[in-house]
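Here is the structure we will look at.
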Amino acid sequence: MSFLNLEGKNILVTGVANKKSVAYHIGKTLEQEGAKVLYSVRSEARKASVKKLLDPAPMFVCDVEDEAQIDHLRDEVSKTTDTLHGLVHSIAFANFADGLKPFHETSKRDFLQCVDISCYSLIRLSNAFKDLFAKDASVVAVGISTTRMAAENYGYMGPAKAALDSSLAFLAKSFSQFSRVRFNSVNAGLLKTSASAGIPGYLDSYMHAEQLTLRKKALQTQEVANAAVFLLSERSGGINAQGIVLDAGMSINYFDKDIVRRAQRPDPD
């Protein structure tokens, strides 16, 4: 038996988009640990595009904006297994189709859609699967390392992730009335994923964040996946309603002497 004891555990992983996805790395690491992984993706087109990556694992389609599809997902998963030992929520969306705007110009439609997909979907999925969860199941969401750093290009996704972070605490409390299901998150610093590539100006922020890490090397997606898999295992049994920050030390290094020197005395053109 491995230390994590995930052999034969049934875990639903949502949000795989491609090989760079955090969800993909989590799923594959779980499989290496012997878990039985089920995947849920957003659309039939997405299912077709990731089929080779995820075969032969069961794959389902669920657009979480449609509550009926969440119920359908539960019904389909229940045909495959009668118990879920874990759920991974790696779903987020912000509409940048009209380009980057100042935060105060955020439209109500875009903001509410972002919160619906990025936060409320966790609440709805958790409720839908409550009777399928093992009594001590683990739910893990993917958050961000801080929701108090007002990066202009991250915009209204920051408040949506703050809502997600708070919701984990309320879900943990609510579920404690009838189970020992735990709710935690891996709160990652800047990562090189296809989703982040769609954020205007993200590459510059990513390279700046890399210089602020203590090791001068950016956070790796696999490192986030490793932490998530730990939280899904019984070895993290004492952790509940928490966000595990993974940022390679960036949050304590804003006054790195080399960064300060370059900012105050930039090299001449």
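Following the order of the structure tokens, first chain is A, next is B, and so on, with residues numbered from 1 inside each chain and ligands from 1 in the order they appear.
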Sel. of strand (DSSP E) residues, stretch 33-232 of chain A, as a ChimeraX atom specification: /A:36-41,59-61,84-89,133-144,182-188
Write out as a short mmCIF file (atom, residue, chain, number, x, y, z; two decimals) with N, CA and C atoms, in the first residue's frame which residues come within 10 Å of A:Leu84 when counting only C-alpha atoms, dropping same-chain ones fewer than 5 positions away.
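Final output, saved to result.cif:
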data_model
loop_
_atom_site.label_atom_id
_atom_site.label_comp_id
_atom_site.auth_asym_id
_atom_site.auth_seq_id
_atom_site.Cartn_x
_atom_site.Cartn_y
_atom_site.Cartn_z
N LYS A 9 -9.68 4.13 -5.13
CA LYS A 9 -10.61 5.19 -4.76
C LYS A 9 -11.19 5.84 -6.02
N ASN A 10 -12.47 6.15 -5.97
CA ASN A 10 -13.15 6.76 -7.12
C ASN A 10 -13.16 8.28 -6.97
N ILE A 11 -12.56 8.97 -7.94
CA ILE A 11 -12.44 10.42 -7.85
C ILE A 11 -12.85 11.06 -9.17
N LEU A 12 -13.75 12.03 -9.08
CA LEU A 12 -14.21 12.75 -10.26
C LEU A 12 -13.40 14.03 -10.42
N LYS A 36 -9.19 5.31 -9.29
CA LYS A 36 -10.06 5.18 -10.45
C LYS A 36 -10.62 6.57 -10.75
N VAL A 37 -10.12 7.18 -11.80
CA VAL A 37 -10.46 8.57 -12.10
C VAL A 37 -11.56 8.65 -13.16
N LEU A 38 -12.54 9.47 -12.88
CA LEU A 38 -13.58 9.79 -13.84
C LEU A 38 -13.41 11.27 -14.20
N VAL A 77 -22.67 9.47 -13.52
CA VAL A 77 -21.59 8.97 -12.67
C VAL A 77 -22.10 7.84 -11.77
N SER A 78 -23.30 7.97 -11.27
CA SER A 78 -23.86 6.96 -10.38
C SER A 78 -24.07 5.62 -11.07
N PHE A 129 -23.81 15.80 -5.59
CA PHE A 129 -23.14 14.53 -5.31
C PHE A 129 -23.14 14.15 -3.83
N LYS A 130 -23.85 14.90 -2.98
CA LYS A 130 -23.76 14.67 -1.54
C LYS A 130 -24.13 13.25 -1.13
N ASP A 131 -25.09 12.65 -1.83
CA ASP A 131 -25.50 11.29 -1.47
C ASP A 131 -24.60 10.22 -2.07
N LEU A 132 -23.73 10.64 -2.99
CA LEU A 132 -22.80 9.69 -3.61
C LEU A 132 -21.43 9.72 -2.93
N PHE A 133 -21.15 10.80 -2.20
CA PHE A 133 -19.86 10.93 -1.53
C PHE A 133 -19.71 9.87 -0.44
N ALA A 134 -18.50 9.32 -0.34
CA ALA A 134 -18.15 8.53 0.83
C ALA A 134 -18.24 9.45 2.05
N LYS A 135 -18.45 8.87 3.21
CA LYS A 135 -18.66 9.70 4.41
C LYS A 135 -17.48 10.61 4.69
N ASP A 136 -16.27 10.16 4.31
CA ASP A 136 -15.07 10.96 4.54
C ASP A 136 -14.41 11.40 3.23
N ALA A 137 -15.23 11.69 2.23
CA ALA A 137 -14.71 12.11 0.93
C ALA A 137 -13.97 13.45 1.05
N SER A 138 -13.19 13.75 0.01
CA SER A 138 -12.42 15.01 -0.02
C SER A 138 -12.74 15.76 -1.30
#
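Residues in contact with A:Tyr120 at 10 Å, where only C-alpha atoms are counted and same-chain residues fewer than 2 positions away are skipped, are listed as Val64, Glu65, Leu112, Gln113, Cys114, Val115, Asp116, Ile117, Ser118, Leu122, Ile123, Arg124, Leu125, Ser126, Ala160, Ala163, Leu164 and Ser167 of chain A.
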Find the residues near stretch 201-206 of chain A: any atom within 9 Å, counting only C-alpha atoms, skip ones fewer than 4 places away on the same chain, and give them as a ChimeraX atom specification. /A:151,153-154,190-192,196-197,210-211,218
Residues within 7 Å of stretch 142-148 of chain A, only C-alpha atoms, excluding chain neighbours under 4 positions, as a PyMOL selection string: chain A and resi 89-90+158-159+161-162+185-189+245-247
Residues flagged alpha helix (DSSP H) by DSSP in stretch 34-168 of chain A, as a ChimeraX atom specification: /A:44-54,67-80,108-115,121-128,157-168
When distances are computed from only C-alpha atoms, which of A:Ser49, A:Glu7, A:Gly198, A:Ser2 shows the smallest separation from A:Phe93?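 Ranking A:Ser49, A:Glu7, A:Gly198, A:Ser2 by distance to A:Phe93, first place goes to A:Gly198.
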For stretch 231-236 of chain A, find every residue with an atom within 6 Å (counting only C-alpha atoms), except residues of its own chain fewer than 2 positions away, and show them as a list in words.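 Returned residues: Leu4, Ser138, Ala228, Val229, Gly238 and Ile239 of chain A.
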Selection export as a CSV table (one decimal), in the first residue's frame, atoms kept: N, CA and C atoms:
chain,number,residue,atom,x,y,z
A,4,LEU,N,-0.2,7.3,0.4
A,4,LEU,CA,-1.5,8.1,0.2
A,4,LEU,C,-2.7,7.2,0.2
A,138,SER,N,-13.2,13.8,0.0
A,138,SER,CA,-12.4,15.0,0.0
A,138,SER,C,-12.7,15.8,-1.3
A,228,ALA,N,-2.7,18.8,-4.5
A,228,ALA,CA,-4.1,18.5,-4.6
A,228,ALA,C,-4.3,17.0,-4.3
A,229,VAL,N,-3.4,16.1,-4.9
A,229,VAL,CA,-3.6,14.7,-4.7
A,229,VAL,C,-3.4,14.4,-3.2
A,238,GLY,N,-6.7,15.7,8.7
A,238,GLY,CA,-6.9,16.8,9.6
A,238,GLY,C,-7.0,18.2,9.0
A,239,ILE,N,-7.0,18.3,7.7
A,239,ILE,CA,-7.1,19.6,7.0
A,239,ILE,C,-8.5,19.7,6.4
Need the shell around A:Pro56: protein/DNA/RNA residues with any atom at most 12 Å away, counting only C-alpha atoms. Skip same-chain ones fewer than 2 positions apart. Format as an MDAnalysis selection string? chainID A and resid 28 31 36:39 50:54 58:59
Can you write just those residues out, C-alpha atoms, as a compact mmCIF listing (two decimals), in the first residue's frame?
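For reference, part.txt as written:
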# COMPACT_ATOMS: atom_id res chain seq x y z
CA LYS A 28 -2.85 11.54 -14.19
CA GLU A 31 -4.08 7.34 -11.81
CA LYS A 36 -10.06 5.18 -10.45
CA VAL A 37 -10.46 8.57 -12.10
CA LEU A 38 -13.58 9.79 -13.84
CA TYR A 39 -13.46 12.98 -15.89
CA VAL A 50 -9.02 15.23 -24.96
CA LYS A 51 -10.18 11.68 -25.63
CA LYS A 52 -6.71 10.39 -26.49
CA LEU A 53 -5.28 12.05 -23.37
CA LEU A 54 -7.79 10.53 -20.99
CA PRO A 58 -14.76 7.28 -18.17
CA MET A 59 -15.54 10.74 -19.53
Here is a test: counting only C-alpha atoms, which residue of A:Gly34, A:Pro102, A:Pro200, A:Gly249 is nearest to A:Met1?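 So, comparing all the options, the nearest one is A:Gly34.
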When you draw a straight line from atom CA of A:Asp256 to atom CA of A:Ala227, how long is it in Å?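 So the two atoms, atom CA of A:Asp256 and atom CA of A:Ala227, lie 26.4 Å apart.
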